[in-house]
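Enquirer: Structure file query_18.cif, mmCIF, C-alpha atoms, is pasted below:
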data_protein
loop_
_atom_site.label_atom_id
_atom_site.label_comp_id
_atom_site.auth_asym_id
_atom_site.auth_seq_id
_atom_site.Cartn_x
_atom_site.Cartn_y
_atom_site.Cartn_z
CA MET A 20 101.30 130.81 97.23
CA ASN A 21 98.20 128.99 98.44
CA ARG A 22 98.72 125.26 97.84
CA ASP A 23 95.31 124.77 96.17
CA ILE A 24 95.95 127.67 93.76
CA HIS A 25 99.41 126.29 93.04
CA ALA A 26 97.95 122.86 92.37
CA GLN A 27 95.29 124.36 90.11
CA GLU A 28 97.96 126.07 88.00
CA ASN A 29 99.87 122.80 87.69
CA PHE A 30 96.79 121.04 86.35
CA ASN A 31 95.61 123.74 83.95
CA SER A 32 96.39 121.45 81.02
CA VAL A 33 94.04 118.65 82.13
CA ARG A 34 90.53 118.19 80.76
CA THR A 35 88.37 120.21 83.18
CA SER A 36 84.69 119.29 83.28
CA ASN A 37 83.78 120.64 86.72
CA GLU A 38 85.81 123.20 88.69
CA THR A 39 84.20 122.25 92.01
CA ASP A 40 84.96 118.58 91.51
CA GLN A 41 88.62 119.31 90.88
CA GLN A 42 88.87 121.51 93.96
CA THR A 43 87.11 118.83 96.02
CA ILE A 44 89.68 116.24 94.92
CA ILE A 45 92.56 118.61 95.66
CA ALA A 46 91.20 119.28 99.15
CA ALA A 47 90.79 115.55 99.81
CA LEU A 48 94.28 114.84 98.51
CA ASP A 49 95.75 117.45 100.82
CA LYS A 50 93.81 116.11 103.83
CA VAL A 51 94.88 112.50 103.22
CA THR A 52 98.49 113.59 102.73
CA GLN A 53 98.58 115.59 105.96
CA ARG A 54 97.18 112.60 107.83
CA LEU A 55 99.77 110.28 106.29
CA MET A 56 102.66 112.49 107.42
CA ASN A 57 101.31 112.40 110.97
CA LEU A 58 100.03 108.82 111.06
CA GLN A 59 100.60 107.03 114.35
CA ARG A 60 99.38 103.80 115.91
CA PRO A 61 95.62 103.13 115.69
CA ASP A 62 93.27 104.25 118.44
CA ASN A 63 91.87 100.72 118.77
CA GLU A 64 95.25 99.00 119.12
CA GLU A 65 94.42 97.41 122.47
CA GLU A 66 91.29 95.92 120.93
CA LEU A 67 93.35 94.55 118.03
CA LYS A 68 95.87 93.01 120.42
CA ALA A 69 93.08 91.31 122.37
CA MET A 70 91.57 89.55 119.35
CA ASP A 71 90.62 85.92 119.68
CA GLY A 72 93.16 83.54 118.16
CA ASP A 73 96.48 84.57 116.66
CA PRO A 74 96.50 88.38 116.21
CA GLU A 75 99.01 88.13 113.34
CA LYS A 76 96.71 85.76 111.49
CA ARG A 77 94.13 88.54 111.69
CA GLY A 78 96.61 91.13 110.41
CA TYR A 79 97.90 92.67 113.63
CA PHE A 80 101.61 93.31 113.12
CA ALA A 81 102.72 96.06 115.51
CA ARG A 82 105.46 97.33 113.19
CA ASP A 83 102.98 97.96 110.36
CA PHE A 84 101.20 100.87 112.03
CA GLY A 85 102.13 104.52 111.63
CA MET A 86 105.12 105.97 109.78
CA ASP A 87 107.87 105.68 112.39
CA VAL A 88 109.28 102.33 111.20
CA TRP A 89 111.37 101.20 108.22
CA ASP A 90 109.28 98.50 106.52
CA TRP A 91 106.93 98.04 103.60
CA PRO A 92 103.83 99.94 104.86
CA GLN A 93 105.98 103.00 105.44
CA GLY A 94 107.72 102.42 102.09
CA ILE A 95 104.39 102.58 100.29
CA GLY A 96 103.59 105.65 102.39
CA LEU A 97 106.73 107.32 101.03
CA TYR A 98 105.68 106.31 97.51
CA GLY A 99 102.41 108.17 98.06
CA LEU A 100 104.22 111.27 99.34
CA SER A 101 106.55 111.21 96.35
CA LYS A 102 103.47 111.26 94.11
CA VAL A 103 102.15 114.32 95.95
CA GLY A 104 105.42 116.10 95.21
CA VAL A 105 104.87 115.43 91.51
CA PHE A 106 101.19 116.42 91.57
CA PHE A 107 101.77 119.70 93.44
CA LYS A 108 105.30 120.52 92.27
CA ASP A 109 106.40 121.19 95.84
CA ASP A 110 109.10 119.99 98.23
CA ARG A 111 106.75 118.16 100.55
CA PHE A 112 108.31 114.74 99.90
CA SER A 113 111.95 115.72 100.38
CA ASN A 114 111.13 117.88 103.41
CA TYR A 115 109.49 114.86 105.03
CA ALA A 116 111.66 112.04 103.69
CA LYS A 117 115.08 113.43 104.61
CA PRO A 118 114.46 113.65 108.38
CA TRP A 119 112.41 110.45 108.22
CA MET A 120 115.37 108.56 106.76
CA ALA A 121 117.83 110.17 109.18
CA ASP A 122 115.70 109.06 112.14
CA ARG A 123 115.44 105.50 110.83
CA LEU A 124 119.21 105.30 110.23
CA LYS A 125 119.84 106.58 113.74
CA GLU A 126 117.55 103.87 115.15
CA GLY A 127 119.25 101.19 113.04
CA LEU A 128 117.85 99.55 109.93
CA PRO A 129 115.95 96.26 110.09
CA SER A 130 117.00 93.07 108.29
CA ARG A 131 117.27 93.33 104.54
CA ASN A 132 114.45 91.55 102.78
CA ILE A 133 111.88 92.01 100.02
CA ASN A 134 109.57 94.18 102.13
CA THR A 135 112.21 96.39 103.74
CA THR A 136 113.39 97.31 100.23
CA ALA A 137 110.15 99.24 99.66
CA PRO A 138 111.23 102.57 101.24
CA LEU A 139 114.07 102.84 98.74
CA LEU A 140 111.66 102.88 95.79
CA SER A 141 111.15 106.57 96.61
CA LEU A 142 114.14 107.41 98.81
CA MET A 143 116.54 106.55 95.97
CA ASP A 144 115.74 109.95 94.45
CA LEU A 145 117.40 111.71 97.41
CA PRO A 146 121.17 112.33 97.20
CA GLU A 147 121.40 111.28 100.85
CA ALA A 148 120.14 107.80 99.91
CA GLU A 149 122.41 107.15 96.94
CA GLU A 150 125.04 105.07 98.73
CA LEU A 151 122.46 102.99 100.58
CA SER A 152 120.43 102.42 97.41
CA LEU A 153 123.47 101.20 95.46
CA ASP A 154 124.50 98.92 98.29
CA TRP A 155 120.95 97.56 98.58
CA VAL A 156 120.45 96.83 94.88
CA ASN A 157 123.76 94.96 94.84
CA TRP A 158 122.47 92.93 97.79
CA LEU A 159 119.29 92.11 95.85
CA MET A 160 121.36 90.98 92.90
CA SER A 161 123.91 88.89 94.77
CA THR A 162 122.69 87.92 98.25
CA LEU A 163 118.89 87.78 98.44
CA PRO A 164 117.81 84.11 98.59
CA ARG A 165 116.41 82.90 95.28
CA THR A 166 113.76 80.34 94.45
CA GLU A 167 113.80 77.79 91.67
CA GLU A 168 114.15 79.53 88.31
CA ASP A 169 116.11 82.28 90.10
CA GLY A 170 113.10 84.17 91.46
CA TYR A 171 113.25 86.80 94.18
CA GLN A 172 112.29 84.72 97.22
CA HIS A 173 109.72 86.65 99.24
CA VAL A 174 111.78 86.95 102.40
CA THR A 175 110.10 89.17 105.03
CA THR A 176 110.82 90.61 108.46
CA GLY A 177 110.64 88.06 111.28
CA ALA A 178 109.42 88.27 114.86
CA THR A 179 111.85 91.15 115.49
CA ALA A 180 113.15 93.77 113.10
CA GLN A 181 116.50 91.98 112.84
CA GLU A 182 115.07 88.51 112.18
CA LEU A 183 113.91 87.02 108.89
CA THR A 184 111.01 84.88 107.78
CA LEU A 185 112.44 83.09 104.75
CA ASN A 186 109.24 81.84 103.06
CA GLU A 187 111.48 79.34 101.32
CA ASN A 188 110.96 78.80 97.60
CA GLU A 189 107.98 81.20 97.54
CA ILE A 190 107.21 84.15 95.28
CA TRP A 191 104.43 86.64 96.10
CA ILE A 192 102.64 89.22 93.95
CA ASP A 193 103.64 91.90 96.51
CA THR A 194 107.25 91.65 95.29
CA LEU A 195 106.47 93.66 92.15
CA PHE A 196 105.91 96.78 94.21
CA MET A 197 108.29 96.01 97.07
CA SER A 198 111.47 95.17 95.13
CA ILE A 199 111.08 94.68 91.36
CA LEU A 200 110.17 98.30 90.63
CA PHE A 201 113.17 99.44 92.70
CA THR A 202 115.48 97.13 90.75
CA ALA A 203 114.16 98.54 87.47
CA ARG A 204 114.39 102.16 88.61
CA MET A 205 117.98 101.67 89.70
CA GLY A 206 118.77 100.01 86.37
CA VAL A 207 117.37 102.99 84.49
CA LYS A 208 118.95 105.63 86.74
CA TYR A 209 122.42 104.12 86.59
CA ASP A 210 122.09 102.67 83.06
CA ARG A 211 122.73 99.13 84.28
CA ALA A 212 121.36 96.70 81.72
CA ASP A 213 121.91 93.76 84.09
CA TRP A 214 119.68 95.34 86.74
CA ARG A 215 117.01 96.16 84.17
CA GLU A 216 117.10 92.62 82.76
CA THR A 217 116.87 91.14 86.25
CA SER A 218 113.78 93.24 86.95
CA LEU A 219 112.21 92.02 83.71
CA HIS A 220 113.02 88.39 84.46
CA GLN A 221 111.46 88.74 87.91
CA LEU A 222 108.33 90.36 86.49
CA LEU A 223 107.87 87.68 83.83
CA LEU A 224 108.50 84.89 86.34
CA HIS A 225 105.86 86.28 88.69
CA ILE A 226 103.36 86.51 85.84
CA LYS A 227 104.18 82.95 84.80
CA TYR A 228 103.35 81.43 88.18
CA LEU A 229 100.76 83.85 89.63
CA TYR A 230 98.54 84.66 86.64
CA ASP A 231 95.32 82.67 86.34
CA ARG A 232 94.45 82.07 82.70
CA LYS A 233 90.78 81.38 83.44
CA THR A 234 90.01 84.70 85.11
CA GLY A 235 92.87 87.03 84.18
CA LEU A 236 93.44 87.63 87.90
CA PHE A 237 96.50 87.00 90.04
CA PHE A 238 96.96 84.58 92.92
CA HIS A 239 98.77 85.86 96.01
CA GLY A 240 101.71 83.49 95.84
CA TRP A 241 103.36 80.38 94.42
CA ASN A 242 105.24 77.64 96.28
CA PHE A 243 107.83 75.93 94.09
CA THR A 244 108.36 73.10 96.56
CA GLY A 245 104.70 72.08 96.76
CA ARG A 246 103.89 73.28 93.21
CA HIS A 247 100.76 75.17 94.29
CA ASN A 248 99.20 78.64 94.65
CA PHE A 249 98.32 78.08 98.31
CA SER A 250 94.54 78.67 98.77
CA GLU A 251 94.24 80.07 95.22
CA ALA A 252 92.77 83.25 96.64
CA PHE A 253 92.26 86.28 94.41
CA TRP A 254 93.22 88.92 96.95
CA CYS A 255 92.16 92.49 96.19
CA ARG A 256 95.27 94.41 97.30
CA GLY A 257 97.53 91.75 95.79
CA ASN A 258 95.88 92.31 92.42
CA GLY A 259 96.15 96.04 93.07
CA TRP A 260 99.93 95.75 93.35
CA PHE A 261 99.93 94.46 89.79
CA THR A 262 97.27 96.81 88.37
CA LEU A 263 99.19 99.86 89.58
CA GLY A 264 102.70 98.44 89.44
CA LEU A 265 102.57 97.11 85.88
CA PRO A 266 101.79 100.45 84.12
CA GLU A 267 104.41 102.07 86.38
CA TYR A 268 106.88 99.45 85.17
CA ILE A 269 105.96 99.88 81.51
CA ASP A 270 106.18 103.67 81.77
CA LEU A 271 109.65 103.37 83.25
CA MET A 272 111.02 100.57 81.08
CA ARG A 273 109.32 101.22 77.72
CA PRO A 274 112.56 102.41 76.00
CA TYR A 275 114.23 99.12 76.94
CA LEU A 276 111.43 96.68 76.12
CA ASP A 277 111.28 94.76 72.84
CA GLU A 278 107.95 95.18 71.05
CA GLY A 279 107.00 91.56 71.69
CA VAL A 280 107.63 91.87 75.42
CA LEU A 281 105.75 95.18 75.56
CA LEU A 282 102.79 93.58 73.78
CA TYR A 283 102.84 90.61 76.17
CA LEU A 284 102.85 92.86 79.24
CA THR A 285 100.15 95.11 77.83
CA GLN A 286 97.89 92.18 76.96
CA THR A 287 98.36 90.69 80.44
CA PHE A 288 97.43 94.04 81.97
CA ARG A 289 94.32 94.26 79.79
CA SER A 290 93.24 90.72 80.63
CA GLN A 291 93.57 91.38 84.34
CA SER A 292 91.70 94.67 84.02
CA GLU A 293 88.84 92.94 82.17
CA GLY A 294 88.63 90.34 84.92
CA LEU A 295 88.56 93.04 87.58
CA LEU A 296 85.91 95.03 85.74
CA SER A 297 83.54 92.06 85.85
CA LEU A 298 83.88 91.85 89.66
CA GLN A 299 83.51 95.52 90.59
CA HIS A 300 80.64 96.31 92.95
CA GLU A 301 78.02 98.86 91.97
CA ASP A 302 79.48 101.31 94.47
CA GLY A 303 82.85 101.18 92.67
CA LEU A 304 84.80 99.06 95.18
CA TRP A 305 86.06 95.48 95.11
CA SER A 306 85.76 92.77 97.77
CA THR A 307 88.91 91.79 99.63
CA LEU A 308 88.35 88.33 98.10
CA LEU A 309 87.63 89.53 94.60
CA ASP A 310 85.34 86.67 93.61
CA ASP A 311 83.51 86.47 96.95
CA SER A 312 81.02 89.32 97.20
CA SER A 313 80.23 88.37 100.79
CA SER A 314 83.73 89.42 101.89
CA TYR A 315 84.10 93.07 102.85
CA THR A 316 84.91 95.74 100.27
CA GLU A 317 88.49 96.89 100.80
CA THR A 318 89.72 100.44 100.22
CA SER A 319 93.47 100.19 99.60
CA GLY A 320 93.24 97.47 96.98
CA SER A 321 90.32 99.19 95.28
CA ALA A 322 92.26 102.46 95.20
CA ALA A 323 95.31 100.77 93.70
CA ILE A 324 93.22 99.01 91.05
CA ALA A 325 91.40 102.19 90.02
CA ALA A 326 94.61 104.26 90.06
CA GLY A 327 96.26 101.69 87.79
CA MET A 328 93.28 101.74 85.43
CA LEU A 329 93.35 105.54 85.18
CA PHE A 330 97.12 105.44 84.66
CA GLY A 331 96.64 102.77 82.00
CA VAL A 332 94.01 104.82 80.14
CA ARG A 333 96.22 107.92 80.34
CA ARG A 334 99.11 106.01 78.76
CA GLY A 335 96.99 104.33 76.09
CA LEU A 336 97.17 100.84 77.59
CA LEU A 337 93.43 100.62 78.33
CA ASP A 338 90.31 102.06 76.71
CA GLU A 339 87.89 104.60 78.19
CA ARG A 340 85.62 101.97 79.76
CA PHE A 341 88.15 101.55 82.51
CA ALA A 342 88.25 105.27 83.28
CA GLU A 343 84.49 105.21 83.76
CA ALA A 344 84.81 102.28 86.17
CA ALA A 345 87.65 103.98 88.04
CA TRP A 346 85.63 107.16 88.54
CA LYS A 347 83.08 105.15 90.49
CA THR A 348 85.94 104.05 92.73
CA VAL A 349 87.11 107.63 93.21
CA SER A 350 83.69 108.56 94.61
CA ALA A 351 83.54 105.47 96.84
CA VAL A 352 87.06 105.96 98.23
CA MET A 353 86.45 109.65 98.91
CA SER A 354 83.39 108.66 100.96
CA ARG A 355 85.73 106.63 103.19
CA ILE A 356 88.01 109.55 104.05
CA GLY A 357 87.33 110.64 107.62
CA GLU A 358 87.24 114.19 108.92
CA ASP A 359 90.85 113.86 110.09
CA GLY A 360 91.98 112.52 106.70
CA SER A 361 92.20 108.85 107.77
CA VAL A 362 91.26 106.40 105.03
CA GLU A 363 88.92 103.79 106.46
CA GLY A 364 88.19 100.20 105.37
CA VAL A 365 91.86 99.30 104.80
CA SER A 366 92.86 95.71 105.50
CA ALA A 367 95.87 95.30 107.77
CA GLY A 368 99.00 93.28 106.97
CA THR A 369 98.04 90.17 105.04
CA PRO A 370 100.24 87.06 104.97
CA ILE A 371 99.39 84.33 102.49
CA GLY A 372 96.30 82.60 103.81
CA LYS A 373 96.17 78.83 104.08
CA LEU A 374 92.43 79.16 103.58
CA ARG A 375 90.52 81.61 101.40
CA GLU A 376 88.51 82.81 104.37
CA ASP A 377 91.70 83.91 106.11
CA TYR A 378 91.67 86.98 103.86
CA ALA A 379 88.13 87.89 104.86
CA ASN A 380 89.14 87.75 108.55
CA ILE A 381 91.91 90.37 108.30
CA VAL A 382 91.10 93.39 110.48
CA THR A 383 90.82 96.91 109.07
CA ALA A 384 92.61 100.00 110.37
CA PRO A 385 94.09 103.25 109.00
CA MET A 386 97.40 102.23 107.41
CA ALA A 387 100.16 104.19 105.67
CA TYR A 388 99.63 102.27 102.45
CA GLY A 389 95.89 102.96 102.55
CA GLN A 390 96.67 106.68 102.68
CA ALA A 391 99.30 106.34 99.94
CA LEU A 392 97.22 104.33 97.49
CA THR A 393 94.37 106.79 97.98
CA ILE A 394 96.82 109.57 97.13
CA ALA A 395 97.79 107.70 93.95
CA LEU A 396 94.12 107.39 92.98
CA LEU A 397 93.23 111.01 93.70
CA GLY A 398 96.28 112.19 91.81
CA GLU A 399 95.32 110.18 88.76
CA ALA A 400 91.76 111.51 89.11
CA LEU A 401 93.08 115.05 88.79
CA TYR A 402 94.33 114.21 85.31
CA ARG A 403 90.75 113.29 84.41
CA SER A 404 88.78 115.97 86.27
#
Could you write out this file's structure as structure tokens?

Expert:
Amino acid sequence: MNRDIHAQENFNSVRTSNETDQQTIIAALDKVTQRLMNLQRPDNEEELKAMDGDPEKRGYFARDFGMDVWDWPQGIGLYGLSKVGVFFKDDRFSNYAKPWMADRLKEGLPSRNINTTAPLLSLMDLPEAEELSLDWVNWLMSTLPRTEEDGYQHVTTGATAQELTLNENEIWIDTLFMSILFTARMGVKYDRADWRETSLHQLLLHIKYLYDRKTGLFFHGWNFTGRHNFSEAFWCRGNGWFTLGLPEYIDLMRPYLDEGVLLYLTQTFRSQSEGLLSLQHEDGLWSTLLDDSSSYTETSGSAAIAAGMLFGVRRGLLDERFAEAAWKTVSAVMSRIGEDGSVEGVSAGTPIGKLREDYANIVTAPMAYGQALTIALLGEALYRS
């Protein structure tokens, strides 16, 4: 059966206002997905390598490009592909993910850390990944370095795949998507209350130290040793991890959440969404430094934010105003999809900046997570089209 016809049948229960619009979204979704499954290193890699100053400070991390590595960009890529499988009711994810995992295992896995956990968020659904997923969640529970107050320390991959960068006593907003959601999903799948409670503790701890009460937005990280939020930057994609990750978490964990905790999480989500709404550009995107309109508008974070808003409206966490705002983002993101399906305007790997302007200096390139977060947005848009 033609994939577009199949997809149309799967979405015959959604509110249809314009047949052409829905078919346009489906075509874009398919194009972005095909590009993701074949994503390689960027055409301008030599130019990125030759940048003035420290290339990594500008976001050039060689392992981040393409899909042929086991790390967080590829993990978010797999998350996007898993969403496509749900949207289209096909075997695209498993057909891709099984050989992908086999190739990575044959090459040898990198060091275990927060970011290299990300592929398991989606791979855990495959029978072939069950043993590895159980082993990995036990490592998170017992061996991952912890910060003060027992937080998941944001340990990342070092200079080589086998080395670690400890980021001692630091928590980052990225951790919600990279490891906390996996911990929660494993707790639900295997009915382990201790894993579920650990995921909740980690989520609440990250809110406690990263949420800004004045704006409703989230800082990138917190350093327990220095008692500070680094440059106090409101980073677009960092906030996107929360805007999309929090409704995912609530949807998953709702049966296990006390009403007071559910209300707290929902109110935090609404406060952040209100803050984001006030900073959205007319074209529907957000700046990579959310409160600095002179910094470039960034596609992956904008897509994550809008996808989370649409998800939140669909689940009754947000009101219709946010769907209207997200639709503007859908149009803007679709305008950044190239003929070959590459999503443009995506900021590369972004370590915590010592200065706010560090975020505005990150280079842009087609990235697996840019493709994946666009997939999440277009999929949510289909529920509304």

Enquirer: Give the answer as one residue: which of A:Glu64, A:Glu75, A:Asp193, A:Asp110 has the shortest atom-to-atom distance to Gly264 in chain A, using all atoms listed in the file?

Expert: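 Smallest distance to Gly264 in chain A is found for A:Asp193.
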
Enquirer: Which residues, written as a PDB file with C-alpha atoms, in the frame of the given file, have at least one atom at most 10 Å from range 284-293 of chain A, with all atoms listed in the file counted and residues fewer than 5 positions away on the same chain left out?

Expert:
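The result, written out as around_15.pdb:
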ATOM      1  CA  LEU A 222     108.330  90.360  86.490  1.00  0.00           C
ATOM      2  CA  LEU A 223     107.870  87.680  83.830  1.00  0.00           C
ATOM      3  CA  ILE A 226     103.360  86.510  85.840  1.00  0.00           C
ATOM      4  CA  TYR A 230      98.540  84.660  86.640  1.00  0.00           C
ATOM      5  CA  ASP A 231      95.320  82.670  86.340  1.00  0.00           C
ATOM      6  CA  ARG A 232      94.450  82.070  82.700  1.00  0.00           C
ATOM      7  CA  THR A 234      90.010  84.700  85.110  1.00  0.00           C
ATOM      8  CA  GLY A 235      92.870  87.030  84.180  1.00  0.00           C
ATOM      9  CA  LEU A 236      93.440  87.630  87.900  1.00  0.00           C
ATOM     10  CA  PHE A 237      96.500  87.000  90.040  1.00  0.00           C
ATOM     11  CA  ASN A 258      95.880  92.310  92.420  1.00  0.00           C
ATOM     12  CA  PHE A 261      99.930  94.460  89.790  1.00  0.00           C
ATOM     13  CA  THR A 262      97.270  96.810  88.370  1.00  0.00           C
ATOM     14  CA  LEU A 263      99.190  99.860  89.580  1.00  0.00           C
ATOM     15  CA  LEU A 265     102.570  97.110  85.880  1.00  0.00           C
ATOM     16  CA  PRO A 266     101.790 100.450  84.120  1.00  0.00           C
ATOM     17  CA  TYR A 268     106.880  99.450  85.170  1.00  0.00           C
ATOM     18  CA  ILE A 269     105.960  99.880  81.510  1.00  0.00           C
ATOM     19  CA  LEU A 276     111.430  96.680  76.120  1.00  0.00           C
ATOM     20  CA  GLU A 278     107.950  95.180  71.050  1.00  0.00           C
ATOM     21  CA  GLY A 279     107.000  91.560  71.690  1.00  0.00           C
ATOM     22  CA  LEU A 298      83.880  91.850  89.660  1.00  0.00           C
ATOM     23  CA  ILE A 324      93.220  99.010  91.050  1.00  0.00           C
ATOM     24  CA  ALA A 325      91.400 102.190  90.020  1.00  0.00           C
ATOM     25  CA  GLY A 327      96.260 101.690  87.790  1.00  0.00           C
ATOM     26  CA  MET A 328      93.280 101.740  85.430  1.00  0.00           C
ATOM     27  CA  GLY A 331      96.640 102.770  82.000  1.00  0.00           C
ATOM     28  CA  GLY A 335      96.990 104.330  76.090  1.00  0.00           C
ATOM     29  CA  LEU A 336      97.170 100.840  77.590  1.00  0.00           C
ATOM     30  CA  LEU A 337      93.430 100.620  78.330  1.00  0.00           C
ATOM     31  CA  ASP A 338      90.310 102.060  76.710  1.00  0.00           C
ATOM     32  CA  ARG A 340      85.620 101.970  79.760  1.00  0.00           C
ATOM     33  CA  PHE A 341      88.150 101.550  82.510  1.00  0.00           C
TER      34      PHE A 341
END

Enquirer: On this structure, which residues satisfy the PyMOL selection byres ((chain A and resi 92) around 10), written as number ranges by chain?

Expert: A: 82-86, 88-91, 93-98, 134-135, 137-138, 197, 367-368, 386-389, 391

Enquirer: Any idea what the distance is between CA of Ala384 in chain A and CA of Leu183 in chain A?

Expert: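 Going from CA of Ala384 in chain A over to CA of Leu183 in chain A, I get 25.0 Å.
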
Enquirer: Could you jot down the CA of Glu187 in chain A to CA of Met205 in chain A separation for me, Å, one decimal place?

Expert: 26.0 Å

Enquirer: If you measure from CA of His173 in chain A to CA of Asn188 in chain A, what distance in Å do you get, rounded to one decimal?

Expert: 8.1 Å

Enquirer: Residues near Arg355 in chain A, anyone? I mean within 9 Å using all atoms listed in the file, not counting same-chain ones fewer than 6 positions away, as number ranges by chain.

Expert: A: 318, 361-364

Enquirer: Could you turn the residues from that selection into a file that holds C-alpha atoms, as a compact mmCIF listing (two decimals), keeping the file's coordinate frame?

Expert:
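Produced file selection_0.txt, reproduced below:
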# COMPACT_ATOMS: atom_id res chain seq x y z
CA THR A 318 89.72 100.44 100.22
CA SER A 361 92.20 108.85 107.77
CA VAL A 362 91.26 106.40 105.03
CA GLU A 363 88.92 103.79 106.46
CA GLY A 364 88.19 100.20 105.37

Enquirer: Check which residues satisfy the PyMOL selection byres ((chain A and resi 204) around 12) in the file shown, then give them as a PyMOL selection string.

Expert: chain A and resi 139-144+152-153+156+196+198-203+205-212+214-219+267-272

Enquirer: Next, dump the selected residues to file, keeping only C-alpha atoms, as a PDB file, in the coordinates of the input.

Expert:
ATOM      1  CA  LEU A 139     114.070 102.840  98.740  1.00  0.00           C
ATOM      2  CA  LEU A 140     111.660 102.880  95.790  1.00  0.00           C
ATOM      3  CA  SER A 141     111.150 106.570  96.610  1.00  0.00           C
ATOM      4  CA  LEU A 142     114.140 107.410  98.810  1.00  0.00           C
ATOM      5  CA  MET A 143     116.540 106.550  95.970  1.00  0.00           C
ATOM      6  CA  ASP A 144     115.740 109.950  94.450  1.00  0.00           C
ATOM      7  CA  SER A 152     120.430 102.420  97.410  1.00  0.00           C
ATOM      8  CA  LEU A 153     123.470 101.200  95.460  1.00  0.00           C
ATOM      9  CA  VAL A 156     120.450  96.830  94.880  1.00  0.00           C
ATOM     10  CA  PHE A 196     105.910  96.780  94.210  1.00  0.00           C
ATOM     11  CA  SER A 198     111.470  95.170  95.130  1.00  0.00           C
ATOM     12  CA  ILE A 199     111.080  94.680  91.360  1.00  0.00           C
ATOM     13  CA  LEU A 200     110.170  98.300  90.630  1.00  0.00           C
ATOM     14  CA  PHE A 201     113.170  99.440  92.700  1.00  0.00           C
ATOM     15  CA  THR A 202     115.480  97.130  90.750  1.00  0.00           C
ATOM     16  CA  ALA A 203     114.160  98.540  87.470  1.00  0.00           C
ATOM     17  CA  MET A 205     117.980 101.670  89.700  1.00  0.00           C
ATOM     18  CA  GLY A 206     118.770 100.010  86.370  1.00  0.00           C
ATOM     19  CA  VAL A 207     117.370 102.990  84.490  1.00  0.00           C
ATOM     20  CA  LYS A 208     118.950 105.630  86.740  1.00  0.00           C
ATOM     21  CA  TYR A 209     122.420 104.120  86.590  1.00  0.00           C
ATOM     22  CA  ASP A 210     122.090 102.670  83.060  1.00  0.00           C
ATOM     23  CA  ARG A 211     122.730  99.130  84.280  1.00  0.00           C
ATOM     24  CA  ALA A 212     121.360  96.700  81.720  1.00  0.00           C
ATOM     25  CA  TRP A 214     119.680  95.340  86.740  1.00  0.00           C
ATOM     26  CA  ARG A 215     117.010  96.160  84.170  1.00  0.00           C
ATOM     27  CA  GLU A 216     117.100  92.620  82.760  1.00  0.00           C
ATOM     28  CA  THR A 217     116.870  91.140  86.250  1.00  0.00           C
ATOM     29  CA  SER A 218     113.780  93.240  86.950  1.00  0.00           C
ATOM     30  CA  LEU A 219     112.210  92.020  83.710  1.00  0.00           C
ATOM     31  CA  GLU A 267     104.410 102.070  86.380  1.00  0.00           C
ATOM     32  CA  TYR A 268     106.880  99.450  85.170  1.00  0.00           C
ATOM     33  CA  ILE A 269     105.960  99.880  81.510  1.00  0.00           C
ATOM     34  CA  ASP A 270     106.180 103.670  81.770  1.00  0.00           C
ATOM     35  CA  LEU A 271     109.650 103.370  83.250  1.00  0.00           C
ATOM     36  CA  MET A 272     111.020 100.570  81.080  1.00  0.00           C
TER      37      MET A 272
END

Enquirer: Go through A:Asp87, A:Ala322, A:Ala342, A:Tyr378 one by one, measure the shortest atom-to-atom distance of each to Arg403 in chain A using all atoms listed in the file, and give the residue with the smallest value.

Expert: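 Looking at the shortest contact to Arg403 in chain A, the residue is A:Ala342.
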
Enquirer: Might you pull out every residue within 12 Å of Ala178 in chain A, with only C-alpha atoms counted and same-chain residues fewer than 2 positions away left off, and present them as a PDB file with C-alpha atoms, in the frame of the given file?

Expert:
ATOM      1  CA  GLU A  75      99.010  88.130 113.340  1.00  0.00           C
ATOM      2  CA  PHE A  80     101.610  93.310 113.120  1.00  0.00           C
ATOM      3  CA  ALA A  81     102.720  96.060 115.510  1.00  0.00           C
ATOM      4  CA  ARG A  82     105.460  97.330 113.190  1.00  0.00           C
ATOM      5  CA  PRO A 129     115.950  96.260 110.090  1.00  0.00           C
ATOM      6  CA  SER A 130     117.000  93.070 108.290  1.00  0.00           C
ATOM      7  CA  THR A 175     110.100  89.170 105.030  1.00  0.00           C
ATOM      8  CA  THR A 176     110.820  90.610 108.460  1.00  0.00           C
ATOM      9  CA  ALA A 180     113.150  93.770 113.100  1.00  0.00           C
ATOM     10  CA  GLN A 181     116.500  91.980 112.840  1.00  0.00           C
ATOM     11  CA  GLU A 182     115.070  88.510 112.180  1.00  0.00           C
ATOM     12  CA  LEU A 183     113.910  87.020 108.890  1.00  0.00           C
ATOM     13  CA  THR A 184     111.010  84.880 107.780  1.00  0.00           C
ATOM     14  CA  LEU A 185     112.440  83.090 104.750  1.00  0.00           C
TER      15      LEU A 185
END

Enquirer: I'd like the neighbourhood of Ser366 in chain A as a list in words, where a residue qualifies if any of its atoms comes within 10 Å (using only C-alpha atoms), though same-chain residues fewer than 6 positions away should be ignored.

Expert: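 Using only C-alpha atoms, the neighbours found are Arg77, Gly78, Cys255, Arg256, Thr307, Tyr315, Thr316, Glu317, Thr318, Ser319, Gly320, Tyr378, Ala379, Asn380, Ile381, Val382, Thr383, Ala384, Pro385, Met386, Tyr388 and Gly389 of chain A.
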
Enquirer: Which of these, A:Ser354, A:Ser321, A:Gln41, A:Asn57, has the shortest distance to Ala395 in chain A once you count all atoms listed in the file?

Expert: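 Closest residue, counting all atoms listed in the file: A:Ser321.
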
Enquirer: Pick out the residues sitting within 9 Å of Lys117 in chain A, and hand them over as a list of chain:residue names; count all atoms listed in the file, and ignore anything fewer than 6 positions along from it in its own chain.

Expert: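 Listing them by chain and then by number gives A:Leu142, A:Leu145, A:Glu147, A:Ala148.
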